[in-house]
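This is final.csv. It holds CSV, C-alpha atoms and all ligand atoms.
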chain,number,residue,atom,x,y,z
A,1376,MET,CA,-25.5,70.1,29.0
A,1377,ILE,CA,-24.0,66.7,28.1
A,1378,GLU,CA,-20.2,66.5,28.0
A,1379,TYR,CA,-18.5,63.4,26.6
A,1380,LEU,CA,-15.5,62.5,28.6
A,1381,GLY,CA,-14.3,59.7,26.3
A,1382,HIS,CA,-14.9,56.0,26.2
A,1383,SER,CA,-18.3,55.5,28.0
A,1384,ALA,CA,-18.0,58.5,30.4
A,1385,PHE,CA,-20.4,61.4,30.3
A,1386,TYR,CA,-21.0,64.4,32.5
A,1387,ILE,CA,-24.6,65.7,32.6
A,1388,GLN,CA,-25.1,69.1,34.1
A,1389,THR,CA,-28.4,71.0,34.7
A,1390,GLN,CA,-29.2,73.6,37.3
A,1391,LYS,CA,-29.8,70.8,39.9
A,1392,ALA,CA,-28.1,67.7,38.4
A,1393,LYS,CA,-24.3,67.3,38.3
A,1394,ILE,CA,-24.1,63.7,37.1
A,1395,LEU,CA,-21.2,61.5,36.0
A,1396,ILE,CA,-21.9,58.2,34.2
A,1397,ASP,CA,-19.1,55.5,34.1
A,1398,PRO,CA,-16.3,57.9,35.0
A,1399,PHE,CA,-13.3,56.2,33.3
A,1400,ILE,CA,-11.8,59.5,32.5
A,1401,LEU,CA,-8.5,59.8,30.6
A,1402,PRO,CA,-6.0,62.7,30.6
A,1403,PRO,CA,-6.2,65.6,30.0
A,1404,LEU,CA,-9.8,65.6,31.5
A,1405,THR,CA,-8.6,64.0,34.7
A,1406,PRO,CA,-8.5,64.8,37.6
A,1407,PHE,CA,-12.1,65.8,37.1
A,1408,ASN,CA,-12.6,69.3,38.4
A,1409,GLN,CA,-16.3,70.0,38.0
A,1410,GLU,CA,-19.0,69.7,40.7
A,1411,VAL,CA,-20.5,66.2,41.0
A,1412,SER,CA,-23.7,65.3,42.9
A,1413,ASP,CA,-24.2,61.8,41.6
A,1414,ILE,CA,-22.2,59.0,39.9
A,1415,PHE,CA,-23.9,56.2,38.0
A,1416,VAL,CA,-21.8,53.1,37.4
A,1417,THR,CA,-23.3,50.5,35.0
A,1418,HIS,CA,-21.0,47.6,36.0
A,1419,GLY,CA,-17.7,46.9,37.8
A,1420,HIS,CA,-15.2,46.7,34.9
A,1421,GLY,CA,-12.3,49.1,35.2
A,1422,ASP,CA,-13.2,51.0,32.1
A,1423,HIS,CA,-16.6,51.9,33.7
A,1424,ILE,CA,-16.1,52.2,37.5
A,1425,GLY,CA,-13.0,54.2,36.6
A,1426,ASP,CA,-12.4,57.0,39.1
A,1427,ALA,CA,-15.8,56.7,40.8
A,1428,ILE,CA,-14.6,55.8,44.2
A,1429,ASN,CA,-12.0,58.5,44.4
A,1430,ILE,CA,-14.5,61.1,43.0
A,1431,SER,CA,-17.1,60.0,45.5
A,1432,LYS,CA,-14.6,60.4,48.4
A,1433,THR,CA,-13.2,63.7,47.4
A,1434,LYS,CA,-16.4,65.4,46.2
A,1435,GLY,CA,-18.9,63.7,48.6
A,1436,ALA,CA,-20.8,62.5,45.5
A,1437,GLN,CA,-23.1,59.5,45.8
A,1438,ILE,CA,-22.5,56.5,43.6
A,1439,THR,CA,-25.6,54.6,42.5
A,1440,THR,CA,-25.0,51.2,41.2
A,1441,MET,CA,-26.0,47.5,41.4
A,1442,PHE,CA,-26.3,46.3,45.0
A,1443,GLU,CA,-23.2,44.0,45.1
A,1444,LEU,CA,-21.0,46.6,43.4
A,1445,ALA,CA,-22.3,49.3,45.8
A,1446,ASN,CA,-21.2,47.1,48.7
A,1447,TYR,CA,-17.7,47.0,47.2
A,1448,CYS,CA,-17.7,50.8,46.8
A,1449,ASN,CA,-18.9,51.4,50.4
A,1450,ALA,CA,-16.1,49.0,51.7
A,1451,GLN,CA,-13.6,51.2,49.8
A,1452,GLY,CA,-14.9,54.3,51.7
A,1453,ALA,CA,-17.1,55.7,49.0
A,1454,LYS,CA,-20.8,56.7,49.5
A,1455,ALA,CA,-22.8,54.3,47.4
A,1456,LEU,CA,-26.5,53.4,47.1
A,1457,GLY,CA,-27.2,49.8,46.1
A,1458,VAL,CA,-30.0,49.3,43.7
A,1459,ASN,CA,-31.3,46.6,41.3
A,1460,LEU,CA,-33.0,46.3,37.9
A,1461,GLY,CA,-36.3,47.8,37.1
A,1462,GLY,CA,-37.1,50.0,40.1
A,1463,LYS,CA,-37.2,53.8,40.0
A,1464,ILE,CA,-35.0,55.8,42.3
A,1465,ASN,CA,-35.8,59.4,43.1
A,1466,TYR,CA,-33.4,62.3,43.1
A,1467,PRO,CA,-33.8,66.1,43.6
A,1468,TRP,CA,-33.4,66.4,39.8
A,1469,GLY,CA,-35.6,63.5,38.6
A,1470,GLU,CA,-35.4,59.8,38.6
A,1471,ALA,CA,-33.2,56.9,37.5
A,1472,VAL,CA,-33.9,53.2,36.7
A,1473,PHE,CA,-31.3,50.5,36.0
A,1474,VAL,CA,-32.2,48.3,33.1
A,1475,HIS,CA,-31.0,45.0,31.6
A,1476,ALA,CA,-27.7,44.7,29.8
A,1477,GLU,CA,-26.2,41.6,28.2
A,1478,HIS,CA,-22.7,41.7,29.7
A,1479,SER,CA,-20.8,40.5,32.7
A,1480,SER,CA,-19.5,42.4,35.8
A,1481,SER,CA,-17.0,42.0,38.6
A,1482,ALA,CA,-15.5,44.5,41.1
A,1483,PRO,CA,-11.9,45.6,40.6
A,1484,ASP,CA,-10.7,43.0,43.1
A,1485,GLY,CA,-12.4,40.3,41.2
A,1486,SER,CA,-15.3,39.9,43.6
A,1487,TYR,CA,-18.9,39.4,42.3
A,1488,GLY,CA,-20.3,42.8,41.1
A,1489,GLY,CA,-23.9,41.8,40.5
A,1490,VAL,CA,-25.2,41.8,37.0
A,1491,ALA,CA,-24.2,44.4,34.4
A,1492,ALA,CA,-26.8,47.1,33.7
A,1493,GLY,CA,-27.7,50.1,31.6
A,1494,VAL,CA,-29.3,53.2,33.2
A,1495,VAL,CA,-32.2,55.4,32.2
A,1496,LEU,CA,-32.1,58.9,33.7
A,1497,ASN,CA,-35.1,61.3,33.7
A,1498,ILE,CA,-33.7,64.7,34.4
A,1499,ASP,CA,-36.4,67.4,34.6
A,1500,GLY,CA,-38.5,65.5,32.0
A,1501,PHE,CA,-35.6,64.8,29.6
A,1502,THR,CA,-34.7,61.1,29.2
A,1503,ILE,CA,-31.3,59.7,28.7
A,1504,TYR,CA,-30.5,56.0,28.2
A,1505,HIS,CA,-26.9,55.0,28.8
A,1506,ALA,CA,-26.6,51.3,27.7
A,1507,GLY,CA,-23.4,50.5,29.5
A,1508,ASP,CA,-21.6,47.6,27.9
A,1509,THR,CA,-24.1,45.3,26.2
A,1510,ALA,CA,-24.9,43.1,23.3
A,1511,VAL,CA,-28.1,43.9,21.4
A,1512,PHE,CA,-31.2,42.4,22.9
A,1513,SER,CA,-34.8,42.6,21.8
A,1514,ASP,CA,-36.1,43.8,25.1
A,1515,MET,CA,-34.5,47.1,24.3
A,1516,LYS,CA,-38.0,47.6,22.8
A,1517,LEU,CA,-39.3,47.7,26.4
A,1518,ILE,CA,-37.0,50.6,27.2
A,1519,LYS,CA,-38.6,52.4,24.3
A,1520,GLU,CA,-42.1,51.5,25.4
A,1521,LEU,CA,-41.6,52.4,29.1
A,1522,TYR,CA,-39.2,55.4,29.0
A,1523,LYS,CA,-39.1,56.8,25.4
A,1524,PRO,CA,-35.5,58.0,25.6
A,1525,ASP,CA,-34.7,61.4,24.0
A,1526,VAL,CA,-31.1,60.4,23.8
A,1527,ALA,CA,-29.5,56.9,23.7
A,1528,MET,CA,-25.8,56.4,24.4
A,1529,LEU,CA,-24.8,53.1,22.7
A,1530,PRO,CA,-21.6,51.1,22.6
A,1531,VAL,CA,-20.5,50.5,19.0
A,1532,GLY,CA,-16.9,49.2,19.3
A,1533,GLY,CA,-17.5,45.5,19.0
A,1534,PHE,CA,-15.4,42.8,20.6
A,1535,TYR,CA,-16.7,43.3,24.2
A,1536,THR,CA,-20.0,44.8,23.2
A,1537,MET,CA,-22.2,45.2,20.2
A,1538,GLY,CA,-20.5,46.6,17.1
A,1539,VAL,CA,-21.9,48.9,14.4
A,1540,GLN,CA,-24.2,46.3,12.8
A,1541,GLU,CA,-25.8,45.3,16.1
A,1542,ALA,CA,-25.9,48.8,17.5
A,1543,LEU,CA,-27.9,49.9,14.5
A,1544,LEU,CA,-30.6,47.3,15.4
A,1545,ALA,CA,-30.4,48.5,19.0
A,1546,ALA,CA,-31.0,52.1,17.8
A,1547,GLU,CA,-34.0,50.9,15.9
A,1548,PHE,CA,-35.4,49.1,18.9
A,1549,ILE,CA,-34.9,52.1,21.2
A,1550,GLY,CA,-36.1,54.8,18.8
A,1551,ALA,CA,-34.4,57.7,20.5
A,1552,LYS,CA,-34.4,61.0,18.6
A,1553,MET,CA,-30.7,61.4,19.2
A,1554,VAL,CA,-28.0,58.6,19.4
A,1555,ILE,CA,-24.5,59.1,20.7
A,1556,PRO,CA,-22.0,56.3,20.0
A,1557,MET,CA,-19.5,55.3,22.7
A,1558,HIS,CA,-17.1,52.6,23.7
A,1559,TYR,CA,-15.1,52.6,20.5
A,1560,ASN,CA,-11.5,53.4,19.4
A,1561,THR,CA,-10.2,53.7,23.0
A,1562,PHE,CA,-8.3,50.4,22.5
A,1563,ASP,CA,-7.2,48.5,19.4
A,1564,ALA,CA,-9.8,45.7,20.0
A,1565,ILE,CA,-12.7,48.2,19.8
A,1566,LYS,CA,-11.9,50.1,16.7
A,1567,ALA,CA,-15.1,50.9,14.8
A,1568,ASP,CA,-16.3,52.8,11.7
A,1569,VAL,CA,-18.4,55.3,13.6
A,1570,GLU,CA,-19.2,57.2,10.3
A,1571,ALA,CA,-20.9,54.0,9.0
A,1572,PHE,CA,-22.9,53.9,12.3
A,1573,LYS,CA,-23.9,57.6,11.8
A,1574,THR,CA,-25.1,56.9,8.2
A,1575,GLY,CA,-27.2,54.0,9.5
A,1576,VAL,CA,-28.7,56.0,12.3
A,1577,VAL,CA,-29.6,58.8,10.0
A,1578,LYS,CA,-31.4,56.3,7.7
A,1579,LEU,CA,-33.5,55.3,10.7
A,1580,GLY,CA,-34.6,58.9,10.9
A,1581,SER,CA,-32.7,59.8,14.1
A,1582,LYS,CA,-29.9,62.2,14.7
A,1583,CYS,CA,-26.4,60.8,15.4
A,1584,VAL,CA,-23.9,62.9,17.3
A,1585,ILE,CA,-20.3,61.8,17.2
A,1586,MET,CA,-18.7,63.5,20.1
A,1587,SER,CA,-15.0,64.0,20.7
A,1588,SER,CA,-13.6,63.8,24.2
A,1589,GLY,CA,-14.3,67.1,26.1
A,1590,GLU,CA,-17.1,68.1,23.6
A,1591,LYS,CA,-20.4,69.4,25.0
A,1592,ILE,CA,-23.9,69.6,23.7
A,1593,GLU,CA,-26.9,71.5,25.1
A,1594,LEU,CA,-29.9,69.5,26.2
A,1601,NI,NI,-17.5,45.8,30.6
A,1602,MN,MN,-16.3,48.3,28.8

Whole structure, structure tokens version:
Amino acid sequence: MIEYLGHSAFYIQTQKAKILIDPFILPPLTPFNQEVSDIFVTHGHGDHIGDAINISKTKGAQITTMFELANYCNAQGAKALGVNLGGKINYPWGEAVFVHAEHSSSAPDGSYGGVAAGVVLNIDGFTIYHAGDTAVFSDMKLIKELYKPDVAMLPVGGFYTMGVQEALLAAEFIGAKMVIPMHYNTFDAIKADVEAFKTGVVKLGSKCVIMSSGEKIEL
């Protein structure tokens, strides 16, 4: 099951996996009251690290993120595993790999957070690519070639990340069967025509699922 928690936050639940990605969770879905085994944070900006440290502390969930940001999380009393781009990390439910993103990153106190990333999760053979915050880049084709994502979560809001036009090229490069738009309409600066995005994705031959906050889909 994939639950959209708004902005770029998702909860993925299978029998073994209880995963949060970029848990910037807004009311009424916070405080988050479901079981969490792992938290993936793509970069240190507040709208992505969100409530990760607090959730790690209260639920004993492990944060996996870039090495420098993991050091920050550990210093705040969270349980964090520091990783870097391109290497697979094993979990009881499958594996993860952090991948390139064209963006910046800093920890909430302004310290260096390492580079921004996206993350690819393989959960019991089902592959999810969460792009984090990013511009479009042609090496998204490598993500397709290497991991063949079943689902791609792509930012479409513009201003800080790619917008609809760029995200459609990204969707073409990645070639996922299902695309879920994210990182739009949360703030004025990132208002986007998500229906236009959906029309474009359907033209590519993929399915586009526009999720509202709190909505769930089965894997
Ligand atoms: Ni960001
Ligand atoms: Mn962001």

key: Using all atoms listed in the file: which of A:Val1416, A:Leu1380, A:Leu1544, A:Cys1448 has the shortest distance to ligand NI 1601 (chain A)   =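 Among the listed residues, A:Val1416 lies closest to ligand NI 1601 (chain A).
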
When the cut-off is 9 Å and you count only C-alpha atoms and all ligand atoms, which residues lie near ligand NI 1601 (chain A), shown as an mmCIF file with C-alpha atoms, in the coordinates of the input?
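part33.cif was written with the following content:
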data_model
loop_
_atom_site.group_PDB
_atom_site.id
_atom_site.type_symbol
_atom_site.label_atom_id
_atom_site.label_comp_id
_atom_site.auth_asym_id
_atom_site.auth_seq_id
_atom_site.Cartn_x
_atom_site.Cartn_y
_atom_site.Cartn_z
ATOM 1 C CA THR A 1417 -23.300 50.500 35.000
ATOM 2 C CA HIS A 1418 -21.000 47.600 36.000
ATOM 3 C CA GLY A 1419 -17.700 46.900 37.800
ATOM 4 C CA HIS A 1420 -15.200 46.700 34.900
ATOM 5 C CA GLY A 1421 -12.300 49.100 35.200
ATOM 6 C CA ASP A 1422 -13.200 51.000 32.100
ATOM 7 C CA HIS A 1423 -16.600 51.900 33.700
ATOM 8 C CA HIS A 1478 -22.700 41.700 29.700
ATOM 9 C CA SER A 1479 -20.800 40.500 32.700
ATOM 10 C CA SER A 1480 -19.500 42.400 35.800
ATOM 11 C CA SER A 1481 -17.000 42.000 38.600
ATOM 12 C CA ALA A 1491 -24.200 44.400 34.400
ATOM 13 C CA GLY A 1507 -23.400 50.500 29.500
ATOM 14 C CA ASP A 1508 -21.600 47.600 27.900
ATOM 15 C CA THR A 1509 -24.100 45.300 26.200
ATOM 16 C CA TYR A 1535 -16.700 43.300 24.200
ATOM 17 C CA THR A 1536 -20.000 44.800 23.200
#

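With CA of Thr1440 (chain A) on one side and CA of Pro1402 (chain A) on the other, the separation reads 24.6 Å.
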
query = Restricting the calculation to all atoms listed in the file, which member of A:Ile1394, A:Ile1424, A:Ala1527, A:Ile1549 is positioned closest to ligand MN 1602 (chain A)?
reply =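 For ligand MN 1602 (chain A), the nearest of the candidates is A:Ile1424.
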
request  = Name the residues in contact with Ala1551 (chain A) at a cut-off of 7 Å, using all atoms listed in the file, excluding same-chain residues fewer than 3 positions from it; report them as a VMD selection string.
outcome  = chain A and resid 1523 to 1527 1554 1581

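Each of A:Val1569, A:Leu1401, A:Met1376, A:Leu1456 was checked against Ile1503 (chain A) using only C-alpha atoms; the smallest atom-to-atom distance is that of A:Met1376.
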
query = How many Å lie between CA of Leu1543 (chain A) and CA of Leu1517 (chain A), rounded to one decimal?
reply = 16.6 Å

List the spatial neighbours of Gly1381 (chain A) as an mmCIF file with C-alpha atoms, in the coordinates of the input - criterion: any atom at most 10 Å away, only C-alpha atoms, same-chain residues fewer than 4 positions off excluded.
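Printed below is result.cif as written:
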data_model
loop_
_atom_site.group_PDB
_atom_site.id
_atom_site.type_symbol
_atom_site.label_atom_id
_atom_site.label_comp_id
_atom_site.auth_asym_id
_atom_site.auth_seq_id
_atom_site.Cartn_x
_atom_site.Cartn_y
_atom_site.Cartn_z
ATOM 1 C CA PHE A 1385 -20.400 61.400 30.300
ATOM 2 C CA PRO A 1398 -16.300 57.900 35.000
ATOM 3 C CA PHE A 1399 -13.300 56.200 33.300
ATOM 4 C CA ILE A 1400 -11.800 59.500 32.500
ATOM 5 C CA LEU A 1401 -8.500 59.800 30.600
ATOM 6 C CA PRO A 1402 -6.000 62.700 30.600
ATOM 7 C CA LEU A 1404 -9.800 65.600 31.500
ATOM 8 C CA MET A 1557 -19.500 55.300 22.700
ATOM 9 C CA HIS A 1558 -17.100 52.600 23.700
ATOM 10 C CA TYR A 1559 -15.100 52.600 20.500
ATOM 11 C CA ASN A 1560 -11.500 53.400 19.400
ATOM 12 C CA THR A 1561 -10.200 53.700 23.000
ATOM 13 C CA MET A 1586 -18.700 63.500 20.100
ATOM 14 C CA SER A 1587 -15.000 64.000 20.700
ATOM 15 C CA SER A 1588 -13.600 63.800 24.200
ATOM 16 C CA GLY A 1589 -14.300 67.100 26.100
ATOM 17 C CA GLU A 1590 -17.100 68.100 23.600
#

Since fewer atoms than expected are present, regenerate N, CA and C atoms for region 1528-1562 of chain A and write them as a PDB file, in the coordinates of the input.
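Contents of the output file selection17.pdb:
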ATOM      1  N   MET A1528     -27.210  56.536  24.457  1.00  0.00           N
ATOM      2  CA  MET A1528     -25.800  56.400  24.400  1.00  0.00           C
ATOM      3  C   MET A1528     -25.482  54.898  24.202  1.00  0.00           C
ATOM      4  N   LEU A1529     -24.957  54.519  23.034  1.00  0.00           N
ATOM      5  CA  LEU A1529     -24.800  53.100  22.700  1.00  0.00           C
ATOM      6  C   LEU A1529     -23.373  52.718  22.410  1.00  0.00           C
ATOM      7  N   PRO A1530     -22.903  51.585  22.974  1.00  0.00           N
ATOM      8  CA  PRO A1530     -21.600  51.100  22.600  1.00  0.00           C
ATOM      9  C   PRO A1530     -21.581  50.573  21.174  1.00  0.00           C
ATOM     10  N   VAL A1531     -20.543  50.889  20.430  1.00  0.00           N
ATOM     11  CA  VAL A1531     -20.500  50.500  19.000  1.00  0.00           C
ATOM     12  C   VAL A1531     -19.152  49.821  18.642  1.00  0.00           C
ATOM     13  N   GLY A1532     -18.264  49.646  19.627  1.00  0.00           N
ATOM     14  CA  GLY A1532     -16.900  49.200  19.300  1.00  0.00           C
ATOM     15  C   GLY A1532     -16.686  47.765  19.009  1.00  0.00           C
ATOM     16  N   GLY A1533     -17.699  46.919  19.267  1.00  0.00           N
ATOM     17  CA  GLY A1533     -17.500  45.500  19.000  1.00  0.00           C
ATOM     18  C   GLY A1533     -16.605  44.855  20.050  1.00  0.00           C
ATOM     19  N   PHE A1534     -16.275  43.598  19.819  1.00  0.00           N
ATOM     20  CA  PHE A1534     -15.400  42.800  20.600  1.00  0.00           C
ATOM     21  C   PHE A1534     -16.009  42.488  22.024  1.00  0.00           C
ATOM     22  N   TYR A1535     -16.114  43.476  22.894  1.00  0.00           N
ATOM     23  CA  TYR A1535     -16.700  43.300  24.200  1.00  0.00           C
ATOM     24  C   TYR A1535     -18.174  43.591  24.257  1.00  0.00           C
ATOM     25  N   THR A1536     -18.630  44.325  23.270  1.00  0.00           N
ATOM     26  CA  THR A1536     -20.000  44.800  23.200  1.00  0.00           C
ATOM     27  C   THR A1536     -20.525  44.676  21.792  1.00  0.00           C
ATOM     28  N   MET A1537     -21.738  45.136  21.575  1.00  0.00           N
ATOM     29  CA  MET A1537     -22.200  45.200  20.200  1.00  0.00           C
ATOM     30  C   MET A1537     -21.317  46.095  19.364  1.00  0.00           C
ATOM     31  N   GLY A1538     -21.232  45.775  18.063  1.00  0.00           N
ATOM     32  CA  GLY A1538     -20.500  46.600  17.100  1.00  0.00           C
ATOM     33  C   GLY A1538     -21.512  47.401  16.285  1.00  0.00           C
ATOM     34  N   VAL A1539     -21.059  47.984  15.202  1.00  0.00           N
ATOM     35  CA  VAL A1539     -21.900  48.900  14.400  1.00  0.00           C
ATOM     36  C   VAL A1539     -23.176  48.199  13.937  1.00  0.00           C
ATOM     37  N   GLN A1540     -23.061  47.007  13.373  1.00  0.00           N
ATOM     38  CA  GLN A1540     -24.200  46.300  12.800  1.00  0.00           C
ATOM     39  C   GLN A1540     -25.297  46.085  13.919  1.00  0.00           C
ATOM     40  N   GLU A1541     -24.851  45.574  15.050  1.00  0.00           N
ATOM     41  CA  GLU A1541     -25.800  45.300  16.100  1.00  0.00           C
ATOM     42  C   GLU A1541     -26.341  46.536  16.772  1.00  0.00           C
ATOM     43  N   ALA A1542     -25.485  47.537  16.901  1.00  0.00           N
ATOM     44  CA  ALA A1542     -25.900  48.800  17.500  1.00  0.00           C
ATOM     45  C   ALA A1542     -26.953  49.522  16.695  1.00  0.00           C
ATOM     46  N   LEU A1543     -26.904  49.299  15.385  1.00  0.00           N
ATOM     47  CA  LEU A1543     -27.900  49.900  14.500  1.00  0.00           C
ATOM     48  C   LEU A1543     -29.291  49.283  14.792  1.00  0.00           C
ATOM     49  N   LEU A1544     -29.310  47.968  15.018  1.00  0.00           N
ATOM     50  CA  LEU A1544     -30.600  47.300  15.400  1.00  0.00           C
ATOM     51  C   LEU A1544     -31.039  47.821  16.742  1.00  0.00           C
ATOM     52  N   ALA A1545     -30.084  47.987  17.654  1.00  0.00           N
ATOM     53  CA  ALA A1545     -30.400  48.500  19.000  1.00  0.00           C
ATOM     54  C   ALA A1545     -31.029  49.919  18.850  1.00  0.00           C
ATOM     55  N   ALA A1546     -30.432  50.757  18.009  1.00  0.00           N
ATOM     56  CA  ALA A1546     -31.000  52.100  17.800  1.00  0.00           C
ATOM     57  C   ALA A1546     -32.388  52.071  17.297  1.00  0.00           C
ATOM     58  N   GLU A1547     -32.652  51.088  16.410  1.00  0.00           N
ATOM     59  CA  GLU A1547     -34.000  50.900  15.900  1.00  0.00           C
ATOM     60  C   GLU A1547     -34.981  50.511  16.992  1.00  0.00           C
ATOM     61  N   PHE A1548     -34.556  49.569  17.836  1.00  0.00           N
ATOM     62  CA  PHE A1548     -35.400  49.100  18.900  1.00  0.00           C
ATOM     63  C   PHE A1548     -35.724  50.241  19.919  1.00  0.00           C
ATOM     64  N   ILE A1549     -34.736  51.097  20.171  1.00  0.00           N
ATOM     65  CA  ILE A1549     -34.900  52.100  21.200  1.00  0.00           C
ATOM     66  C   ILE A1549     -35.594  53.366  20.699  1.00  0.00           C
ATOM     67  N   GLY A1550     -35.373  53.670  19.426  1.00  0.00           N
ATOM     68  CA  GLY A1550     -36.100  54.800  18.800  1.00  0.00           C
ATOM     69  C   GLY A1550     -35.870  56.143  19.353  1.00  0.00           C
ATOM     70  N   ALA A1551     -34.679  56.373  19.906  1.00  0.00           N
ATOM     71  CA  ALA A1551     -34.400  57.700  20.500  1.00  0.00           C
ATOM     72  C   ALA A1551     -34.195  58.711  19.311  1.00  0.00           C
ATOM     73  N   LYS A1552     -34.541  59.954  19.584  1.00  0.00           N
ATOM     74  CA  LYS A1552     -34.400  61.000  18.600  1.00  0.00           C
ATOM     75  C   LYS A1552     -32.904  61.296  18.312  1.00  0.00           C
ATOM     76  N   MET A1553     -32.090  61.106  19.345  1.00  0.00           N
ATOM     77  CA  MET A1553     -30.700  61.400  19.200  1.00  0.00           C
ATOM     78  C   MET A1553     -29.862  60.158  19.732  1.00  0.00           C
ATOM     79  N   VAL A1554     -28.860  59.754  18.976  1.00  0.00           N
ATOM     80  CA  VAL A1554     -28.000  58.600  19.400  1.00  0.00           C
ATOM     81  C   VAL A1554     -26.561  59.117  19.455  1.00  0.00           C
ATOM     82  N   ILE A1555     -25.896  58.771  20.551  1.00  0.00           N
ATOM     83  CA  ILE A1555     -24.500  59.100  20.700  1.00  0.00           C
ATOM     84  C   ILE A1555     -23.684  57.803  20.832  1.00  0.00           C
ATOM     85  N   PRO A1556     -22.786  57.525  19.871  1.00  0.00           N
ATOM     86  CA  PRO A1556     -22.000  56.300  20.000  1.00  0.00           C
ATOM     87  C   PRO A1556     -20.896  56.452  21.045  1.00  0.00           C
ATOM     88  N   MET A1557     -20.568  55.329  21.688  1.00  0.00           N
ATOM     89  CA  MET A1557     -19.500  55.300  22.700  1.00  0.00           C
ATOM     90  C   MET A1557     -18.807  54.004  22.711  1.00  0.00           C
ATOM     91  N   HIS A1558     -17.791  53.872  23.574  1.00  0.00           N
ATOM     92  CA  HIS A1558     -17.100  52.600  23.700  1.00  0.00           C
ATOM     93  C   HIS A1558     -16.468  52.121  22.418  1.00  0.00           C
ATOM     94  N   TYR A1559     -15.767  53.012  21.729  1.00  0.00           N
ATOM     95  CA  TYR A1559     -15.100  52.600  20.500  1.00  0.00           C
ATOM     96  C   TYR A1559     -13.771  53.422  20.394  1.00  0.00           C
ATOM     97  N   ASN A1560     -12.789  52.822  19.704  1.00  0.00           N
ATOM     98  CA  ASN A1560     -11.500  53.400  19.400  1.00  0.00           C
ATOM     99  C   ASN A1560     -10.613  53.766  20.605  1.00  0.00           C
ATOM    100  N   THR A1561     -11.075  53.437  21.822  1.00  0.00           N
ATOM    101  CA  THR A1561     -10.200  53.700  23.000  1.00  0.00           C
ATOM    102  C   THR A1561      -9.045  52.710  22.990  1.00  0.00           C
ATOM    103  N   PHE A1562      -9.326  51.458  22.592  1.00  0.00           N
ATOM    104  CA  PHE A1562      -8.300  50.400  22.500  1.00  0.00           C
ATOM    105  C   PHE A1562      -8.363  49.795  21.125  1.00  0.00           C
TER     106      PHE A1562
END
